[in-house]
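S.K.: The file below is coords.cif, mmCIF, C-alpha atoms and all ligand atoms:
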```cif
data_work
loop_
_atom_site.label_atom_id
_atom_site.label_comp_id
_atom_site.auth_asym_id
_atom_site.auth_seq_id
_atom_site.Cartn_x
_atom_site.Cartn_y
_atom_site.Cartn_z
CA MET A 1 119.94 83.67 135.94
CA PRO A 2 122.01 81.06 137.70
CA PRO A 3 124.57 82.60 140.03
CA VAL A 4 128.27 82.10 139.32
CA THR A 5 129.01 79.99 142.33
CA ALA A 6 131.37 77.12 142.86
CA PRO A 7 129.97 74.13 144.69
CA ALA A 8 130.77 74.68 148.36
CA ALA A 9 132.88 71.53 148.46
CA GLU A 10 135.44 72.78 145.95
CA ARG A 11 136.20 76.42 146.35
CA PRO A 12 139.16 77.57 144.23
CA SER A 13 140.86 78.95 147.33
CA ASP A 14 140.92 75.46 148.86
CA THR A 15 143.70 74.58 146.42
CA LEU A 16 145.78 77.72 146.88
CA PRO A 17 149.18 76.73 148.23
CA ARG A 18 150.47 78.41 151.39
CA ASN A 19 152.78 80.79 149.54
CA GLN A 20 149.82 82.14 147.60
CA LEU A 21 147.67 82.52 150.71
CA LEU A 22 150.50 84.53 152.22
CA GLU A 23 151.01 86.44 148.96
CA LEU A 24 147.39 87.62 149.19
CA TYR A 25 148.10 88.87 152.70
CA TYR A 26 151.25 90.59 151.44
CA TYR A 27 149.27 92.48 148.78
CA VAL A 28 146.41 93.58 151.06
CA ARG A 29 148.93 94.81 153.63
CA LEU A 30 151.02 96.51 150.95
CA THR A 31 147.92 98.30 149.64
CA ARG A 32 147.10 99.69 153.07
CA ASP A 33 150.71 100.64 153.78
CA VAL A 34 151.15 102.41 150.44
CA GLU A 35 147.92 104.34 151.01
CA GLU A 36 148.96 105.27 154.54
CA ARG A 37 152.24 106.64 153.20
CA LEU A 38 150.29 108.51 150.55
CA ALA A 39 148.09 110.05 153.26
CA ILE A 40 151.23 111.33 155.02
CA LEU A 41 152.57 112.75 151.75
CA TYR A 42 149.17 114.34 151.12
CA ARG A 43 149.27 116.13 154.47
CA GLN A 44 152.76 117.35 153.66
CA SER A 45 151.34 118.86 150.43
CA LYS A 46 153.54 116.57 148.37
CA VAL A 47 150.66 114.84 146.60
CA VAL A 48 149.42 116.81 143.61
CA GLY A 49 145.62 116.67 143.42
CA GLY A 50 143.37 114.39 145.45
CA LEU A 51 143.94 111.14 147.28
CA TYR A 52 141.21 108.50 147.04
CA ARG A 53 141.66 105.87 149.73
CA SER A 54 140.36 102.30 149.59
CA LEU A 55 140.45 101.87 153.37
CA GLY A 56 138.27 98.87 154.22
CA GLN A 57 138.08 97.81 150.56
CA GLU A 58 141.65 96.62 150.02
CA GLY A 59 140.59 92.97 150.19
CA GLU A 60 138.21 93.03 147.23
CA SER A 61 140.58 94.94 144.90
CA VAL A 62 143.47 92.59 145.62
CA ALA A 63 141.50 89.32 145.67
CA ALA A 64 139.68 90.04 142.39
CA ALA A 65 142.91 90.93 140.57
CA TYR A 66 144.60 87.87 142.07
CA ALA A 67 142.09 85.67 140.22
CA LEU A 68 143.51 86.72 136.84
CA ASP A 69 146.14 84.97 134.78
CA ARG A 70 149.29 86.93 134.08
CA ARG A 71 148.31 88.05 130.55
CA ASP A 72 144.81 89.17 131.49
CA VAL A 73 143.50 92.71 131.41
CA VAL A 74 142.70 94.77 134.48
CA ALA A 75 140.87 98.09 134.32
CA PRO A 76 140.84 99.56 137.83
CA LEU A 77 139.04 102.60 139.16
CA ILE A 78 140.63 105.27 141.30
CA ARG A 79 139.98 103.26 144.49
CA ASN A 80 141.50 100.01 143.18
CA LEU A 81 145.16 100.66 143.96
CA GLY A 82 145.30 97.13 145.35
CA ALA A 83 144.49 95.66 141.93
CA ILE A 84 147.39 97.56 140.38
CA LEU A 85 149.88 96.49 143.04
CA THR A 86 148.69 92.89 142.65
CA ARG A 87 149.44 93.08 138.91
CA GLY A 88 153.05 93.98 139.78
CA VAL A 89 153.24 97.76 139.54
CA ARG A 90 156.03 99.07 141.77
CA PRO A 91 154.96 101.26 144.70
CA ARG A 92 157.63 103.81 143.68
CA ASP A 93 155.78 104.35 140.39
CA LEU A 94 152.51 104.92 142.24
CA PHE A 95 154.14 107.37 144.65
CA ALA A 96 155.85 109.19 141.77
CA GLN A 97 152.57 109.40 139.87
CA TYR A 98 150.72 110.83 142.88
CA MET A 99 153.50 113.40 143.30
CA ALA A 100 153.66 114.15 139.53
CA LYS A 101 157.38 113.42 139.43
CA ALA A 102 159.46 113.29 136.23
CA THR A 103 160.04 109.58 136.86
CA SER A 104 156.33 108.74 137.05
CA PRO A 105 154.67 106.48 134.44
CA THR A 106 153.23 109.57 132.70
CA ARG A 107 156.27 111.77 133.43
CA GLY A 108 154.22 114.02 135.68
CA ARG A 109 151.55 114.65 133.05
CA ASP A 110 148.73 112.97 134.92
CA LEU A 111 148.06 112.04 138.52
CA ASN A 112 147.09 109.34 141.04
CA ILE A 113 146.63 106.02 139.24
CA HIS A 114 145.86 107.51 135.83
CA PHE A 115 148.28 105.51 133.70
CA SER A 116 148.18 102.41 131.53
CA HIS A 117 150.41 99.52 130.64
CA ILE A 118 149.82 98.27 127.12
CA PRO A 119 152.46 95.67 126.20
CA PRO A 120 152.85 94.40 122.60
CA PRO A 121 150.06 91.97 121.57
CA ASP A 122 152.28 88.86 121.77
CA SER A 123 153.73 89.79 125.17
CA ASP A 124 152.87 87.73 128.21
CA GLU A 125 152.70 90.87 130.37
CA PRO A 126 149.35 92.02 131.73
CA ILE A 127 147.39 94.85 130.16
CA ILE A 128 146.51 97.60 132.64
CA VAL A 129 143.91 100.03 131.37
CA GLY A 130 144.14 103.33 133.22
CA PRO A 131 141.04 104.54 135.05
CA ILE A 132 138.72 106.86 133.16
CA SER A 133 137.24 109.73 135.16
CA MET A 134 133.85 109.50 133.43
CA LEU A 135 132.23 106.91 135.64
CA GLY A 136 130.96 103.76 133.95
CA ASP A 137 133.09 104.23 130.83
CA LEU A 138 135.60 101.56 131.78
CA VAL A 139 132.98 98.88 131.16
CA PRO A 140 132.65 99.51 127.39
CA VAL A 141 136.41 100.07 127.21
CA VAL A 142 137.30 96.75 128.82
CA ALA A 143 134.67 95.06 126.64
CA GLY A 144 136.39 96.58 123.60
CA VAL A 145 139.86 95.50 124.76
CA THR A 146 138.72 91.88 125.15
CA LEU A 147 136.91 92.02 121.79
CA GLY A 148 140.07 93.32 120.13
CA ALA A 149 142.19 90.60 121.74
CA ARG A 150 139.72 87.95 120.59
CA MET A 151 139.73 89.31 117.02
CA GLN A 152 143.54 89.20 117.03
CA GLY A 153 143.41 85.54 118.02
CA ARG A 154 145.06 86.20 121.39
CA PRO A 155 142.11 86.25 123.79
CA ARG A 156 142.52 87.69 127.27
CA VAL A 157 140.02 87.92 130.11
CA GLY A 158 139.21 91.49 131.21
CA LEU A 159 138.41 92.48 134.79
CA THR A 160 137.00 95.84 135.75
CA PHE A 161 135.45 97.52 138.77
CA VAL A 162 132.41 99.79 139.03
CA GLY A 163 131.18 101.71 142.05
CA ASP A 164 127.52 101.75 143.04
CA GLY A 165 127.28 105.28 141.64
CA ALA A 166 128.96 104.25 138.39
CA THR A 167 126.34 101.55 137.78
CA SER A 168 123.74 104.32 137.34
CA THR A 169 125.39 105.69 134.18
CA GLY A 170 124.47 105.15 130.55
CA ALA A 171 127.99 103.97 129.73
CA PHE A 172 127.65 101.11 132.23
CA HIS A 173 124.48 99.96 130.44
CA GLU A 174 126.06 100.13 127.00
CA GLY A 175 129.17 98.27 128.10
CA MET A 176 127.27 95.56 129.95
CA ASN A 177 124.94 95.01 127.02
CA LEU A 178 127.80 94.85 124.51
CA ALA A 179 129.72 92.37 126.66
CA ALA A 180 126.61 90.22 127.10
CA VAL A 181 125.47 90.01 123.47
CA LEU A 182 129.01 89.37 122.19
CA LYS A 183 129.72 86.92 125.03
CA LEU A 184 132.93 88.75 125.82
CA PRO A 185 135.26 87.39 128.50
CA VAL A 186 134.59 90.21 130.94
CA VAL A 187 134.25 90.11 134.73
CA VAL A 188 132.73 93.14 136.43
CA ILE A 189 133.23 93.71 140.14
CA ALA A 190 130.39 95.96 141.31
CA GLU A 191 131.26 97.62 144.59
CA ASP A 192 128.46 98.41 147.01
CA ASN A 193 130.51 100.54 149.39
CA LYS A 194 127.34 102.27 150.63
CA TYR A 195 128.05 105.71 149.13
CA ALA A 196 128.77 107.47 145.84
CA TYR A 197 130.46 110.55 147.19
CA SER A 198 127.67 111.68 149.59
CA THR A 199 124.80 109.81 147.91
CA PRO A 200 123.75 106.74 149.94
CA ILE A 201 123.10 103.50 148.07
CA GLU A 202 119.32 103.65 148.68
CA MET A 203 119.22 106.89 146.68
CA GLN A 204 121.24 105.20 143.93
CA MET A 205 119.16 102.15 143.08
CA ALA A 206 115.69 100.74 143.80
CA ILE A 207 116.87 97.11 143.70
CA GLU A 208 117.81 95.15 146.77
CA ARG A 209 121.37 94.17 145.80
CA ILE A 210 123.83 95.75 143.39
CA ASP A 211 124.47 92.46 141.57
CA GLN A 212 120.85 92.45 140.35
CA ARG A 213 121.90 95.11 137.87
CA ALA A 214 123.22 92.17 135.79
CA ASP A 215 119.75 90.63 135.37
CA ALA A 216 118.93 93.24 132.72
CA TYR A 217 121.71 91.84 130.52
CA GLY A 218 121.08 88.13 131.03
CA MET A 219 124.37 87.92 132.86
CA PRO A 220 125.09 85.52 135.71
CA HIS A 221 125.79 87.30 138.96
CA GLN A 222 126.26 86.83 142.66
CA MET A 223 126.82 88.91 145.76
CA VAL A 224 129.70 88.20 148.11
CA ASP A 225 131.05 89.55 151.37
CA GLY A 226 133.54 92.08 149.99
CA ASN A 227 135.56 92.13 153.21
CA ASP A 228 136.21 88.38 153.04
CA VAL A 229 139.36 88.11 150.93
CA LEU A 230 138.91 84.45 150.01
CA ALA A 231 135.18 84.80 149.26
CA VAL A 232 135.97 87.52 146.72
CA TYR A 233 138.83 85.47 145.29
CA ASP A 234 136.58 82.42 144.90
CA ALA A 235 133.78 84.34 143.17
CA ALA A 236 136.20 86.20 140.90
CA LYS A 237 138.13 83.03 140.04
CA CYS A 238 134.95 81.17 139.05
CA ALA A 239 133.86 84.15 136.95
CA VAL A 240 137.29 84.43 135.29
CA ASP A 241 137.34 80.68 134.54
CA GLU A 242 133.84 80.86 133.00
CA ALA A 243 134.86 83.84 130.89
CA ARG A 244 138.03 82.09 129.71
CA ALA A 245 136.04 78.97 128.79
CA GLY A 246 133.93 81.08 126.41
CA ARG A 247 130.82 81.22 128.57
CA GLY A 248 130.67 84.99 128.54
CA PRO A 249 130.69 87.83 131.05
CA SER A 250 129.44 87.92 134.61
CA LEU A 251 129.16 90.30 137.51
CA VAL A 252 130.28 89.86 141.09
CA GLY A 253 128.74 92.27 143.58
CA VAL A 254 130.83 93.00 146.66
CA ASP A 255 129.26 94.12 149.92
CA THR A 256 131.75 96.47 151.55
CA MET A 257 132.12 99.92 153.09
CA ARG A 258 134.14 103.00 152.18
CA MET A 259 135.80 103.73 155.54
CA LYS A 260 137.16 107.15 154.52
CA GLY A 261 135.62 110.12 152.77
CA HIS A 262 135.35 110.22 149.00
CA ALA A 263 138.84 111.73 149.02
CA GLU A 264 141.23 112.88 151.75
CA HIS A 265 139.70 116.36 151.87
CA ASP A 266 136.21 114.97 152.63
CA ASP A 267 135.37 114.66 156.33
CA MET A 268 132.37 112.46 155.45
CA ARG A 269 130.08 114.10 158.00
CA TYR A 270 127.16 112.72 155.96
CA VAL A 271 128.04 109.09 156.76
CA ARG A 272 125.93 107.48 159.47
CA PRO A 273 128.23 106.81 162.46
CA ASP A 274 126.56 103.47 163.23
CA LEU A 275 127.54 102.23 159.75
CA LEU A 276 131.18 103.04 160.39
CA GLU A 277 131.05 101.44 163.83
CA ARG A 278 129.57 98.24 162.42
CA TRP A 279 132.02 97.96 159.53
CA LYS A 280 135.03 98.73 161.70
CA THR A 281 134.63 95.23 163.11
CA GLN A 282 134.74 93.80 159.57
CA ASP A 283 138.15 95.04 158.50
CA PRO A 284 139.22 92.76 155.61
CA ILE A 285 142.89 92.68 156.61
CA ALA A 286 142.25 91.87 160.26
CA ARG A 287 139.76 89.18 159.25
CA TYR A 288 142.11 87.55 156.77
CA ARG A 289 145.01 87.72 159.21
CA ALA A 290 142.89 85.96 161.85
CA TRP A 291 141.86 83.30 159.32
CA LEU A 292 145.46 82.58 158.32
CA VAL A 293 146.50 82.11 161.94
CA GLU A 294 143.41 80.16 162.96
CA HIS A 295 143.80 77.70 160.09
CA GLY A 296 147.48 77.16 160.79
CA HIS A 297 148.79 78.76 157.57
CA ALA A 298 150.98 81.17 159.51
CA SER A 299 151.93 82.02 163.08
CA GLU A 300 151.19 85.43 164.60
CA ARG A 301 154.88 86.16 164.23
CA GLU A 302 154.92 85.28 160.53
CA VAL A 303 151.96 87.50 159.64
CA ASP A 304 153.46 90.34 161.66
CA ASP A 305 156.75 89.90 159.81
CA ILE A 306 154.87 90.31 156.52
CA ALA A 307 153.22 93.49 157.81
CA GLN A 308 156.60 94.85 158.85
CA MET A 309 158.06 93.97 155.48
CA THR A 310 155.31 95.80 153.56
CA ALA A 311 155.46 98.87 155.84
CA ARG A 312 159.22 99.13 155.33
CA TYR A 313 158.91 98.56 151.59
CA ALA A 314 156.23 101.27 151.25
CA GLU A 315 158.40 103.71 153.20
CA GLN A 316 161.50 102.98 151.10
CA GLU A 317 159.62 103.23 147.83
CA ALA A 318 158.04 106.53 148.90
CA ARG A 319 161.51 107.88 149.63
CA VAL A 320 162.76 106.90 146.15
CA ALA A 321 159.85 108.81 144.61
CA GLU A 322 160.27 111.79 146.95
CA GLU A 323 163.91 112.14 145.91
CA ALA A 324 163.01 112.09 142.20
CA PRO A 325 162.89 115.44 140.36
CA LEU A 326 159.78 117.20 139.14
CA PRO A 327 159.50 117.46 135.34
CA ASP A 328 161.46 120.23 133.63
CA PRO A 329 158.90 123.02 132.98
CA ALA A 330 160.44 123.56 129.53
CA THR A 331 159.13 120.12 128.51
CA ALA A 332 155.58 120.63 129.84
CA ALA A 333 153.97 120.66 126.39
CA ARG A 334 155.95 117.67 125.11
CA GLY A 335 154.55 114.17 124.94
CA VAL A 336 150.96 115.33 125.35
CA TYR A 337 149.73 114.49 121.85
CA ALA A 338 150.31 111.20 120.03
CA ALA A 339 152.11 113.01 117.18
CA ASP A 340 154.81 114.01 119.67
CA ALA A 341 155.68 110.67 121.22
CA TRP A 342 158.43 112.22 123.26
CA PHE A 343 158.71 109.45 125.81
CA GLU A 344 157.94 105.76 125.68
CA PRO A 345 155.51 104.96 128.49
CA ARG A 346 157.30 102.26 130.44
CA LEU A 347 156.39 100.33 133.47
CA GLU A 348 158.68 97.83 135.11
CA LEU A 349 156.55 95.16 136.76
CA VAL A 350 157.80 93.25 139.80
CA LYS A 351 156.92 90.01 141.57
CA SER A 352 156.23 89.61 145.26
CA PRO A 353 158.65 87.80 147.60
CA PHE A 354 156.03 85.02 147.74
CA SER A 355 155.85 84.23 144.02
CA GLU A 356 157.40 80.93 143.01
C1 LIG A 401 129.76 110.28 134.71
C2 LIG A 401 130.28 110.92 135.96
N1 LIG A 401 129.44 111.56 136.80
C3 LIG A 401 129.90 112.15 137.94
C4 LIG A 401 131.24 112.09 138.25
C5 LIG A 401 131.76 112.76 139.53
N2 LIG A 401 132.11 111.74 140.50
C6 LIG A 401 133.39 111.28 140.65
S1 LIG A 401 133.52 110.05 141.77
C7 LIG A 401 131.87 110.11 142.13
C8 LIG A 401 131.28 109.15 143.11
C9 LIG A 401 131.49 107.74 142.65
O1 LIG A 401 130.81 106.84 143.46
P1 LIG A 401 130.88 105.29 143.22
O2 LIG A 401 130.70 104.97 141.77
O3 LIG A 401 129.94 104.64 144.16
O4 LIG A 401 132.40 104.91 143.58
P2 LIG A 401 133.13 105.11 144.99
O5 LIG A 401 133.65 106.51 145.00
O6 LIG A 401 132.14 104.86 146.06
O7 LIG A 401 134.24 104.13 145.01
C10 LIG A 401 131.24 111.08 141.36
C11 LIG A 401 129.80 111.39 141.41
C12 LIG A 401 132.10 111.41 137.33
N3 LIG A 401 133.41 111.29 137.54
N4 LIG A 401 131.58 110.83 136.20
MG MG A 402 130.34 103.84 146.03
#
```
Write out the structure in this file as C-alpha cells.
M.R.:
Amino acid sequence: MPPVTAPAAERPSDTLPRNQLLELYYYVRLTRDVEERLAILYRQSKVVGGLYRSLGQEGESVAAAYALDRRDVVAPLIRNLGAILTRGVRPRDLFAQYMAKATSPTRGRDLNIHFSHIPPPDSDEPIIVGPISMLGDLVPVVAGVTLGARMQGRPRVGLTFVGDGATSTGAFHEGMNLAAVLKLPVVVIAEDNKYAYSTPIEMQMAIERIDQRADAYGMPHQMVDGNDVLAVYDAAKCAVDEARAGRGPSLVGVDTMRMKGHAEHDDMRYVRPDLLERWKTQDPIARYRAWLVEHGHASEREVDDIAQMTARYAEQEARVAEEAPLPDPATAARGVYAADAWFEPRLELVKSPFSE
C-alpha cells in the first residue's frame, strides 16, 4: 500500500500562518497545564475516579485534531484530552466533569472525558463522540457516524485514536474493515506509546510497526514521530484531505511514549528506566517550542508568555469548576435513561486567542 505522505517539498504545515503555528503551541501547553491542575486536584481527592495523563503525548492529540475542519468528527480516547481542547471544549467543563460537578457536561453522571457533543445535523459545530471504555469500539462507532453523515448528504470526516493495546481487539478489526470496504472518510491515529497498561508493545503485536496493522484492510498508512507536532499535523492533514476527497480511510501510526503510569495511581515500576530517560529528551512541547524560536516564528519571550497565559487560564478554569456545586442527591436517578431527558446536554465551545 502506498503511504499517505505529502511530497517533502510541500508539507501542509509549510503554509500554516504564524497565528496558527502559535495556536498549536497554545493548545499543547494548555493540555499539559490542564492535566497538571488535574493532578493537583487528584491529590487533593477532588477528582472522582481515575486520572489518565497524556504526558509526553500532548503533541499528537492536539496536532491530529488540528488537522480537522470545524464540522468534522473527533472520537478521542481517555488520553486524548488535547484533541478535545483543540476542538474548543472549555477547560472548566473538563475540570467539572473530572470532579463530577452539577455543572459538568453530564451533570455529574459520568467522569473524566466521558461526554459527547452531538449538534443538529445542519450545524457547523464539530461532533465530539465520547470515549468508549471497551477498547477498540470507537473505530466502528466513528465509521458509523461518518456513514450516517454521508447517507444524510452532509459528509464529515471522522478522526479517532487507538492505543497499541486497543489495536489487538476484535472491534478494531471490524471497524477498520467496515471503513475500508465502504471507503468511509475515517482517519485512525494509532498510538504506539510502548505500553498497554503494563503490557509492553512487543507482547502486543508481532509486526515491526503499529501502522502495519492497516495492511490487512488495504488501507494506506504511515508511521510518524509522534513527538514532532508538525510531523503529526502534516500526516493527519494529508489523511484528512484524502478522506474528504472520497479516497477512503487511512491510518497514521505515531511513535511516542507514555511518560506517566496508566493512571495517576500507577507507579509504573514495570517501565524500563532507560526508555523513560531516552524519551525525556524528546518532549513534544519542548521540541516544538525550540522549533518556533529557531525558525523565527516567536521569540523566547513570546512563547513564555503563551505558557504563562495557559497556566493562568487552567488555574482560573479549575477554580470555576471547584466552586461549582455537586449534583443534588435527590436528582441522582434523573436523566439517566433516554425516556427521562431531564437535562439537555450542552457544551459551549470556545475559540483560542489565536483564532482569526
Ligand atoms: C476491550 C477491553 N479490554 C481491556 C480493557 C482494560 N483496559 C483499559 S485501558 C487498558 C490499556 C490500554 O492500552 P492502550 O490501548 O495501549 O492505550 P494507552 O493506555 O497506552 O493509551 C486496558 C487493558 C478495556 N477497557 N477494554
Ligand atoms: Mg499504549
S.K.: Find the residues around Leu24 in chain A up to 10 Å (all atoms listed in the file counted), leave out those fewer than 4 positions away in its own chain, and share them as a JSON list (two decimals) with C-alpha atoms, in the coordinates of the input.
M.R.:
```json
[["chain", "number", "residue", "atom", "x", "y", "z"],
["A", 18, "ARG", "CA", 150.47, 78.41, 151.39],
["A", 19, "ASN", "CA", 152.78, 80.79, 149.54],
["A", 20, "GLN", "CA", 149.82, 82.14, 147.60],
["A", 28, "VAL", "CA", 146.41, 93.58, 151.06],
["A", 29, "ARG", "CA", 148.93, 94.81, 153.63],
["A", 30, "LEU", "CA", 151.02, 96.51, 150.95],
["A", 59, "GLY", "CA", 140.59, 92.97, 150.19],
["A", 62, "VAL", "CA", 143.47, 92.59, 145.62],
["A", 63, "ALA", "CA", 141.50, 89.32, 145.67],
["A", 66, "TYR", "CA", 144.60, 87.87, 142.07],
["A", 86, "THR", "CA", 148.69, 92.89, 142.65],
["A", 229, "VAL", "CA", 139.36, 88.11, 150.93],
["A", 230, "LEU", "CA", 138.91, 84.45, 150.01],
["A", 233, "TYR", "CA", 138.83, 85.47, 145.29],
["A", 288, "TYR", "CA", 142.11, 87.55, 156.77],
["A", 352, "SER", "CA", 156.23, 89.61, 145.26],
["A", 354, "PHE", "CA", 156.03, 85.02, 147.74]]
```
S.K.: Determine the nearest neighbour of ligand LIG 401 (chain A) from the options A:His297, A:Arg70, A:Lys194, A:Lys237, counting all atoms listed in the file.
M.R.: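 Ranking A:His297, A:Arg70, A:Lys194, A:Lys237 by distance to ligand LIG 401 (chain A), first place goes to A:Lys194.
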S.K.: Figure out the distance between CA of Val145 in chain A and CA of His117 in chain A, please, to one decimal in Å.
M.R.: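 Between CA of His117 in chain A and CA of Val145 in chain A the gap is 12.7 Å.
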S.K.: Output the neighbourhood of ligand LIG 401 (chain A) as a count of residues only, that is, all protein and nucleic acid residues with some atom at most 9 Å from the ligand, counting all atoms listed in the file.
M.R.: 40
S.K.: Report, in Å with one decimal, the straight-line distance from CA of Asp14 in chain A to CA of Asp234 in chain A.
M.R.: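 Distance reported for this atom pair: 9.1 Å.
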